[in-house]
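S.K.: To be precise about what I am sending: the file is called run_18.cif and holds mmCIF, C-alpha atoms.
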data_my_file
loop_
_atom_site.label_atom_id
_atom_site.label_comp_id
_atom_site.auth_asym_id
_atom_site.auth_seq_id
_atom_site.Cartn_x
_atom_site.Cartn_y
_atom_site.Cartn_z
CA GLN K 1 4.15 9.03 -28.72
CA ASP K 2 5.22 6.16 -26.46
CA LYS K 3 2.41 3.80 -25.54
CA VAL K 4 2.68 2.58 -21.96
CA ALA K 5 0.59 -0.28 -20.52
CA VAL K 6 0.25 -0.42 -16.72
CA VAL K 7 -1.02 -3.81 -15.54
CA GLY K 8 -2.95 -3.61 -12.26
CA ALA K 9 -5.38 -1.04 -10.83
CA GLY K 10 -4.72 -1.19 -7.10
CA VAL K 11 -2.92 1.64 -5.33
CA ILE K 12 0.43 0.66 -6.90
CA GLY K 13 -0.84 0.48 -10.49
CA LEU K 14 -2.93 3.65 -10.40
CA SER K 15 -0.32 5.78 -8.60
CA THR K 16 2.39 4.61 -11.01
CA ALA K 17 0.14 5.36 -13.99
CA VAL K 18 -0.60 8.87 -12.66
CA CYS K 19 3.10 9.57 -12.06
CA ILE K 20 3.99 8.50 -15.60
CA ALA K 21 1.13 10.37 -17.27
CA GLU K 22 1.79 13.61 -15.37
CA SER K 23 5.57 13.67 -15.59
CA ILE K 24 6.01 12.33 -19.16
CA PRO K 25 3.40 14.10 -21.30
CA SER K 26 4.71 12.32 -24.43
CA CYS K 27 3.37 9.01 -23.04
CA ALA K 28 -0.07 7.56 -23.73
CA VAL K 29 -0.82 5.59 -20.55
CA THR K 30 -3.40 2.79 -20.36
CA VAL K 31 -4.20 0.90 -17.16
CA LEU K 32 -5.32 -2.68 -17.83
CA ALA K 33 -6.78 -4.78 -15.02
CA GLU K 34 -9.32 -7.46 -14.35
CA HIS K 35 -10.47 -5.65 -11.17
CA PHE K 36 -10.84 -1.96 -10.36
CA THR K 37 -12.00 -0.34 -7.11
CA PRO K 38 -13.93 -1.42 -5.04
CA ASP K 39 -12.71 -4.94 -5.92
CA THR K 40 -8.93 -4.60 -5.34
CA THR K 41 -6.73 -5.72 -2.45
CA SER K 42 -6.08 -2.03 -1.73
CA ASP K 43 -9.79 -1.53 -0.98
CA VAL K 44 -9.48 -3.87 2.03
CA ALA K 45 -6.41 -2.11 3.46
CA ALA K 46 -6.78 0.18 6.46
CA GLY K 47 -4.50 2.58 4.59
CA ILE K 48 -2.43 3.79 7.53
CA LEU K 49 1.06 5.14 6.75
CA LEU K 50 3.27 2.91 8.86
CA PRO K 51 6.07 1.14 6.99
CA HIS K 52 6.44 -2.62 6.97
CA PRO K 53 10.08 -3.76 6.90
CA PHE K 54 11.62 -5.37 3.81
CA PRO K 55 14.50 -7.47 5.19
CA GLU K 56 16.51 -7.42 1.94
CA THR K 57 16.03 -3.74 0.99
CA PRO K 58 18.46 -1.07 2.29
CA LEU K 59 16.89 1.09 5.00
CA HIS K 60 17.81 4.37 3.29
CA LYS K 61 15.79 3.26 0.26
CA GLN K 62 12.79 2.27 2.39
CA ARG K 63 12.96 5.62 4.20
CA CYS K 64 13.08 7.50 0.88
CA TRP K 65 9.99 5.65 -0.46
CA PHE K 66 8.12 6.35 2.78
CA LYS K 67 9.10 10.04 2.94
CA ASP K 68 8.15 10.63 -0.72
CA THR K 69 4.75 9.06 0.01
CA PHE K 70 4.21 10.89 3.29
CA ASP K 71 5.09 14.25 1.69
CA HIS K 72 2.80 13.56 -1.29
CA LEU K 73 -0.17 12.67 0.94
CA LEU K 74 0.56 15.51 3.38
CA SER K 75 0.31 17.99 0.51
CA ILE K 76 -3.11 16.48 -0.35
CA CYS K 77 -4.10 16.79 3.36
CA ASN K 78 -3.25 20.47 3.17
CA SER K 79 -5.28 21.04 -0.01
CA THR K 80 -8.94 21.31 -0.98
CA ASP K 81 -8.70 17.76 -2.43
CA ALA K 82 -8.34 16.09 0.98
CA ALA K 83 -12.01 15.12 1.43
CA GLU K 84 -12.47 13.76 -2.09
CA ALA K 85 -9.15 11.88 -1.94
CA GLY K 86 -9.98 10.36 1.46
CA VAL K 87 -6.69 11.48 3.03
CA PHE K 88 -6.40 12.84 6.59
CA LEU K 89 -4.08 13.08 9.59
CA LEU K 90 -4.51 10.51 12.37
CA SER K 91 -2.80 10.44 15.77
CA GLY K 92 -2.38 7.50 18.08
CA TRP K 93 -0.17 4.94 19.72
CA GLN K 94 1.86 1.87 18.83
CA VAL K 95 2.38 -0.23 21.97
CA PHE K 96 4.75 -3.10 22.75
CA GLN K 97 4.66 -5.83 25.39
CA GLU K 98 8.47 -6.00 25.23
CA THR K 99 10.71 -3.02 24.50
CA PRO K 100 11.81 -3.27 20.84
CA SER K 101 15.50 -3.27 19.96
CA THR K 102 15.03 -0.06 17.93
CA LYS K 103 13.15 2.50 19.98
CA ASP K 104 13.15 5.19 17.31
CA PRO K 105 12.74 3.49 13.90
CA TYR K 106 13.95 5.03 10.62
CA TRP K 107 10.49 6.48 9.90
CA SER K 108 10.25 8.31 13.24
CA THR K 109 11.63 11.54 11.71
CA VAL K 110 9.13 11.40 8.80
CA VAL K 111 5.86 11.10 10.76
CA LEU K 112 4.81 14.09 12.87
CA GLY K 113 5.39 14.59 16.61
CA PHE K 114 7.02 11.19 17.27
CA HIS K 115 7.86 10.55 20.92
CA MET K 116 8.22 7.64 23.33
CA MET K 117 5.06 7.29 25.38
CA THR K 118 5.21 8.59 28.94
CA ASP K 119 4.17 6.46 31.91
CA ALA K 120 0.93 8.47 32.06
CA GLU K 121 0.17 7.67 28.41
CA LEU K 122 0.99 3.99 28.94
CA GLN K 123 -1.42 3.70 31.89
CA ARG K 124 -4.25 2.99 29.45
CA PHE K 125 -2.41 -0.16 28.32
CA PRO K 126 -1.50 -2.12 31.47
CA LYS K 127 -0.15 -5.16 29.56
CA TYR K 128 2.32 -3.02 27.61
CA LYS K 129 5.63 -1.66 28.84
CA PHE K 130 6.72 0.52 25.91
CA GLY K 131 5.02 2.68 23.31
CA GLN K 132 5.41 5.25 20.57
CA SER K 133 3.04 8.18 20.06
CA PHE K 134 2.87 9.99 16.70
CA THR K 135 0.67 11.54 14.06
CA THR K 136 0.59 9.85 10.66
CA ILE K 137 -1.74 9.84 7.64
CA LYS K 138 -4.65 7.58 6.78
CA CYS K 139 -5.52 7.08 3.16
CA GLU K 140 -8.96 5.54 2.50
CA CYS K 141 -8.54 3.62 -0.71
CA SER K 142 -12.24 3.47 -1.56
CA LYS K 143 -12.00 7.24 -2.13
CA TYR K 144 -8.30 7.54 -3.02
CA LEU K 145 -8.41 5.04 -5.90
CA LEU K 146 -11.39 6.84 -7.48
CA TRP K 147 -9.52 10.13 -7.07
CA LEU K 148 -6.41 8.63 -8.75
CA GLU K 149 -8.56 7.30 -11.62
CA LYS K 150 -9.97 10.80 -12.13
CA ARG K 151 -6.50 12.34 -11.95
CA LEU K 152 -5.23 9.82 -14.52
CA LYS K 153 -8.05 10.63 -16.94
CA ASN K 154 -7.34 14.35 -16.50
CA ALA K 155 -3.74 13.65 -17.54
CA GLY K 156 -4.94 11.85 -20.68
CA GLY K 157 -4.70 8.30 -19.36
CA GLN K 158 -7.17 5.50 -20.04
CA LEU K 159 -8.61 2.59 -18.04
CA HIS K 160 -9.50 -0.78 -19.60
CA THR K 161 -10.99 -3.85 -17.93
CA GLU K 162 -9.02 -6.79 -19.29
CA LYS K 163 -7.42 -9.85 -17.72
CA ILE K 164 -3.76 -10.04 -18.74
CA THR K 165 -2.51 -13.63 -18.66
CA GLY K 166 0.78 -13.06 -20.50
CA PHE K 167 2.92 -10.08 -21.49
CA GLU K 168 2.78 -11.23 -25.12
CA GLN K 169 -0.82 -9.92 -25.13
CA LEU K 170 0.62 -6.41 -24.91
CA THR K 171 3.78 -6.38 -27.00
CA SER K 172 2.15 -5.59 -30.35
CA SER K 173 0.15 -2.61 -29.00
CA TYR K 174 2.48 -1.07 -26.40
CA ASP K 175 6.08 0.16 -26.34
CA ILE K 176 6.64 -0.16 -22.58
CA ILE K 177 4.92 -2.39 -20.01
CA VAL K 178 4.72 -1.57 -16.29
CA ASN K 179 3.80 -4.58 -14.18
CA CYS K 180 1.92 -3.63 -10.99
CA SER K 181 -0.12 -6.81 -10.81
CA GLY K 182 0.66 -7.62 -7.17
CA LEU K 183 0.00 -11.25 -6.36
CA GLY K 184 -0.87 -11.77 -10.05
CA SER K 185 2.87 -11.66 -10.76
CA ARG K 186 3.21 -15.19 -9.42
CA ASP K 187 1.78 -16.33 -12.75
CA LEU K 188 2.29 -13.28 -14.97
CA ALA K 189 6.00 -12.85 -14.17
CA ASP K 190 6.46 -16.46 -13.04
CA ASP K 191 7.69 -15.23 -9.66
CA GLN K 192 7.45 -18.10 -7.20
CA SER K 193 9.13 -16.06 -4.45
CA LEU K 194 5.86 -14.10 -4.15
CA TYR K 195 3.29 -15.43 -1.67
CA PRO K 196 0.08 -14.23 0.00
CA VAL K 197 -0.15 -13.09 3.61
CA ARG K 198 -3.86 -13.28 4.38
CA GLY K 199 -5.40 -10.34 6.19
CA GLN K 200 -8.89 -10.30 7.63
CA ILE K 201 -10.46 -7.16 9.07
CA LEU K 202 -13.71 -5.96 10.59
CA ARG K 203 -15.23 -2.56 9.97
CA VAL K 204 -17.25 -1.35 12.96
CA HIS K 205 -19.40 1.66 13.80
CA ALA K 206 -17.62 3.38 16.71
CA PRO K 207 -17.65 7.10 15.90
CA TRP K 208 -16.39 8.05 19.36
CA LEU K 209 -12.93 6.64 18.58
CA LYS K 210 -10.52 9.27 17.22
CA HIS K 211 -7.06 7.76 17.87
CA PHE K 212 -5.43 4.69 16.38
CA ILE K 213 -3.97 1.92 18.53
CA ARG K 214 -1.63 -0.74 17.12
CA ASP K 215 0.08 -3.61 18.91
CA GLY K 216 3.69 -3.62 17.73
CA ASN K 217 3.39 -7.31 16.80
CA GLY K 218 1.02 -6.33 13.98
CA HIS K 219 -1.75 -8.75 14.98
CA THR K 220 -4.06 -6.27 16.71
CA TYR K 221 -4.91 -2.80 15.47
CA ILE K 222 -7.67 -0.21 15.61
CA PHE K 223 -7.71 2.48 12.90
CA PRO K 224 -10.55 5.04 12.95
CA GLY K 225 -11.65 6.14 9.48
CA ILE K 226 -14.15 8.52 7.91
CA HIS K 227 -17.24 6.29 8.14
CA SER K 228 -16.07 3.30 10.20
CA VAL K 229 -13.26 1.96 12.36
CA THR K 230 -11.04 -0.81 10.96
CA LEU K 231 -10.21 -3.61 13.40
CA GLY K 232 -7.56 -6.19 12.61
CA GLY K 233 -6.06 -8.43 11.97
CA THR K 234 -4.41 -11.57 10.73
CA ARG K 235 -1.03 -12.30 9.10
CA GLN K 236 -1.39 -15.80 7.70
CA LYS K 237 1.47 -16.68 5.35
CA HIS K 238 0.73 -18.76 2.23
CA ASN K 239 -3.01 -18.74 2.99
CA TRP K 240 -5.09 -18.15 -0.17
CA GLU K 241 -8.51 -18.35 1.51
CA MET K 242 -10.65 -15.35 0.46
CA SER K 243 -13.77 -16.17 2.49
CA VAL K 244 -14.32 -14.74 5.96
CA ASP K 245 -13.28 -17.00 8.85
CA GLU K 246 -15.63 -16.48 11.83
CA ALA K 247 -13.01 -17.73 14.29
CA ASP K 248 -10.65 -15.03 12.99
CA SER K 249 -13.43 -12.44 13.31
CA SER K 250 -14.16 -13.23 16.95
CA GLY K 251 -10.43 -13.35 17.75
CA ILE K 252 -9.90 -9.92 16.17
CA PHE K 253 -12.88 -8.45 18.03
CA GLU K 254 -11.77 -9.86 21.41
CA ARG K 255 -8.16 -8.67 21.03
CA CYS K 256 -9.26 -5.18 19.97
CA CYS K 257 -11.71 -4.96 22.89
CA GLU K 258 -8.82 -5.75 25.26
CA LEU K 259 -6.91 -2.76 23.86
CA GLU K 260 -10.02 -0.52 23.71
CA PRO K 261 -12.86 -1.77 25.97
CA SER K 262 -15.38 0.74 24.56
CA LEU K 263 -15.43 -1.30 21.32
CA LYS K 264 -17.65 -3.87 23.06
CA LYS K 265 -20.54 -1.48 22.33
CA SER K 266 -19.66 -1.11 18.63
CA GLN K 267 -21.67 -2.55 15.74
CA VAL K 268 -19.87 -4.68 13.13
CA CYS K 269 -20.67 -3.28 9.64
CA SER K 270 -18.59 -5.61 7.45
CA LYS K 271 -15.93 -8.32 7.43
CA LEU K 272 -13.33 -8.34 4.66
CA VAL K 273 -10.36 -10.41 3.49
CA GLY K 274 -7.36 -9.34 1.42
CA LEU K 275 -4.19 -11.15 0.36
CA ARG K 276 -1.03 -9.08 0.78
CA PRO K 277 1.43 -9.67 -2.13
CA THR K 278 4.60 -10.48 -0.20
CA ARG K 279 8.25 -11.25 -0.98
CA ASN K 280 11.50 -10.59 0.93
CA SER K 281 12.12 -7.41 -1.04
CA LEU K 282 9.67 -5.69 -3.32
CA ARG K 283 10.57 -5.99 -6.99
CA LEU K 284 11.28 -2.65 -8.65
CA GLU K 285 13.46 -3.13 -11.71
CA ARG K 286 13.50 -3.23 -15.50
CA GLU K 287 13.95 -6.23 -17.75
CA PHE K 288 13.35 -6.84 -21.45
CA PHE K 289 10.64 -9.09 -22.79
CA VAL K 290 11.38 -10.57 -26.20
CA HIS K 291 8.40 -11.60 -28.31
CA GLY K 292 8.97 -12.40 -31.97
CA ASN K 293 11.19 -9.64 -33.33
CA ARG K 294 10.14 -7.12 -30.66
CA GLN K 295 12.07 -6.33 -27.50
CA VAL K 296 9.84 -4.51 -25.01
CA PRO K 297 11.01 -3.03 -21.68
CA ILE K 298 9.03 -4.24 -18.66
CA ILE K 299 9.25 -2.30 -15.43
CA HIS K 300 8.23 -4.45 -12.47
CA ASN K 301 6.74 -2.72 -9.41
CA TYR K 302 5.16 -5.32 -7.13
CA GLY K 303 5.56 -7.28 -3.90
CA HIS K 304 4.76 -4.43 -1.47
CA GLY K 305 3.18 -6.82 1.07
CA GLY K 306 1.17 -5.06 3.78
CA GLY K 307 3.02 -1.78 3.21
CA GLY K 308 1.86 -0.76 -0.25
CA ILE K 309 -0.02 2.36 0.78
CA SER K 310 2.87 3.47 3.02
CA ILE K 311 5.35 3.62 0.12
CA HIS K 312 3.19 3.69 -3.05
CA TRP K 313 4.16 7.18 -4.24
CA GLY K 314 7.87 6.64 -3.60
CA THR K 315 7.92 3.44 -5.65
CA ALA K 316 5.73 5.05 -8.34
CA LEU K 317 8.31 7.85 -8.71
CA GLU K 318 11.12 5.30 -9.02
CA ALA K 319 9.18 3.24 -11.57
CA THR K 320 8.52 6.44 -13.57
CA GLN K 321 12.26 7.11 -13.65
CA LEU K 322 12.76 3.62 -15.13
CA VAL K 323 10.12 4.43 -17.77
CA LYS K 324 12.04 7.62 -18.67
CA GLU K 325 15.24 5.58 -19.04
CA SER K 326 13.37 3.10 -21.24
CA ILE K 327 12.14 5.90 -23.50
CA ASN K 328 15.70 7.20 -23.79
CA TRP K 329 16.82 3.66 -24.65
CA ARG K 330 14.14 3.44 -27.37
CA ASN K 331 14.72 6.97 -28.69
CA PRO K 332 18.30 8.03 -27.85
CA THR K 333 17.55 11.60 -29.02
CA SER K 334 14.55 12.13 -26.70
CA LYS K 335 16.60 13.15 -23.60
CA LEU K 336 13.93 12.91 -20.92
#
Represent the structure from my file as structure tokens, please.
M.R.:
Amino acid sequence: QDKVAVVGAGVIGLSTAVCIAESIPSCAVTVLAEHFTPDTTSDVAAGILLPHPFPETPLHKQRCWFKDTFDHLLSICNSTDAAEAGVFLLSGWQVFQETPSTKDPYWSTVVLGFHMMTDAELQRFPKYKFGQSFTTIKCECSKYLLWLEKRLKNAGGQLHTEKITGFEQLTSSYDIIVNCSGLGSRDLADDQSLYPVRGQILRVHAPWLKHFIRDGNGHTYIFPGIHSVTLGGTRQKHNWEMSVDEADSSGIFERCCELEPSLKKSQVCSKLVGLRPTRNSLRLEREFFVHGNRQVPIIHNYGHGGGGISIHWGTALEATQLVKESINWRNPTSKL
């Protein structure tokens, strides 16, 4: 039996661990992390499926990751697990003050019912001259991560709370390491190309809102959820500050009220901060870590930025394929 350590218990780590455990039954999978839900970056995310571009990654690859994820979550939407997993369909609008160069982005054929907004639809947004209307999926991580943990345990996987400060901690006990440590990879994998993009959000009580609204610039968005509506946001590069900034909060609230005036009557329930683990292209590859006389494959799967939930299942599937190749490398007769 191949022992696999997955480092990190956000949406990337848990989904990758589930994929490995379910598709390679010969693996014993253990997730090791300092923080589990509700204390991960994923718990702060609004969880809307809307891809964020990776400038250095081919578009066909980004589309494949997004479609794999959309299809996976859509099948949950259509099942009896939807409520427990916190996954549901959400319709709404993305609006632009200037017409974007690409009117129908690569993901427009993956989401449901994509169309350019009509003049009548745009009337609600007088400052905006162009918009896209579509139905996508929202994935509430507070529920989804618990559901993934349960699914992992059902597949024989284990969860351990442990801070990993170096891969050498794992090489004597595990045959393969999968690094899904997000921003932790700055130190763990010595990746200085990784940096935080600080996001602050408000959660408000506004149960009358049923459609999402997002400004195409990414700085203002309104995403209705199961128990609250997420208002955002900020995109502050290289900012490590985890405490709530009241100036950011009032700016977010004012901008969102401009898009949706009814929010003025909403009650703020909570204010949260998360640091998106960002690099020019997410890192999804295998290398070998040599420690003493052992050579251990490490599969890196991190750097998803603000788009982790949008592509998590697609990258988990690709990481699982790299694990299969690593098992074949270790045991040439295994033929996975």
S.K.: Just checking: using only C-alpha atoms, which residue out of K:Cys77, K:Leu49, K:Val95, K:Ala316 ends up closest to Lys127 (chain K)?
M.R.: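 Closest candidate: K:Val95.
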S.K.: Pick from K:Cys141, K:Leu170, K:Val6, K:Val204: nearest to Val87 (chain K), with only C-alpha atoms counted?
M.R.: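 When distances to Val87 (chain K) are compared using only C-alpha atoms, the smallest one comes from K:Cys141.
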S.K.: What would the selection look like, as a PyMOL selection string, if the PyMOL selection byres ((chain K and resi 113) around 6) were run on the coordinates I just shared?
M.R.: chain K and resi 112+114+134
S.K.: Rank K:Thr230, K:Asn328, K:Thr278, K:Thr161 by their smallest atom-to-atom distance to Gly307 (chain K), using only C-alpha atoms, and report the top residue only.
M.R.: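 With only C-alpha atoms as the atom set, the closest residue is K:Thr278.
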S.K.: Calculated over all atoms listed in the file, which of the candidates K:Asp2, K:Glu260, K:Asp71, K:Glu168 has the smallest distance to Arg294 (chain K)?
M.R.: K:Glu168
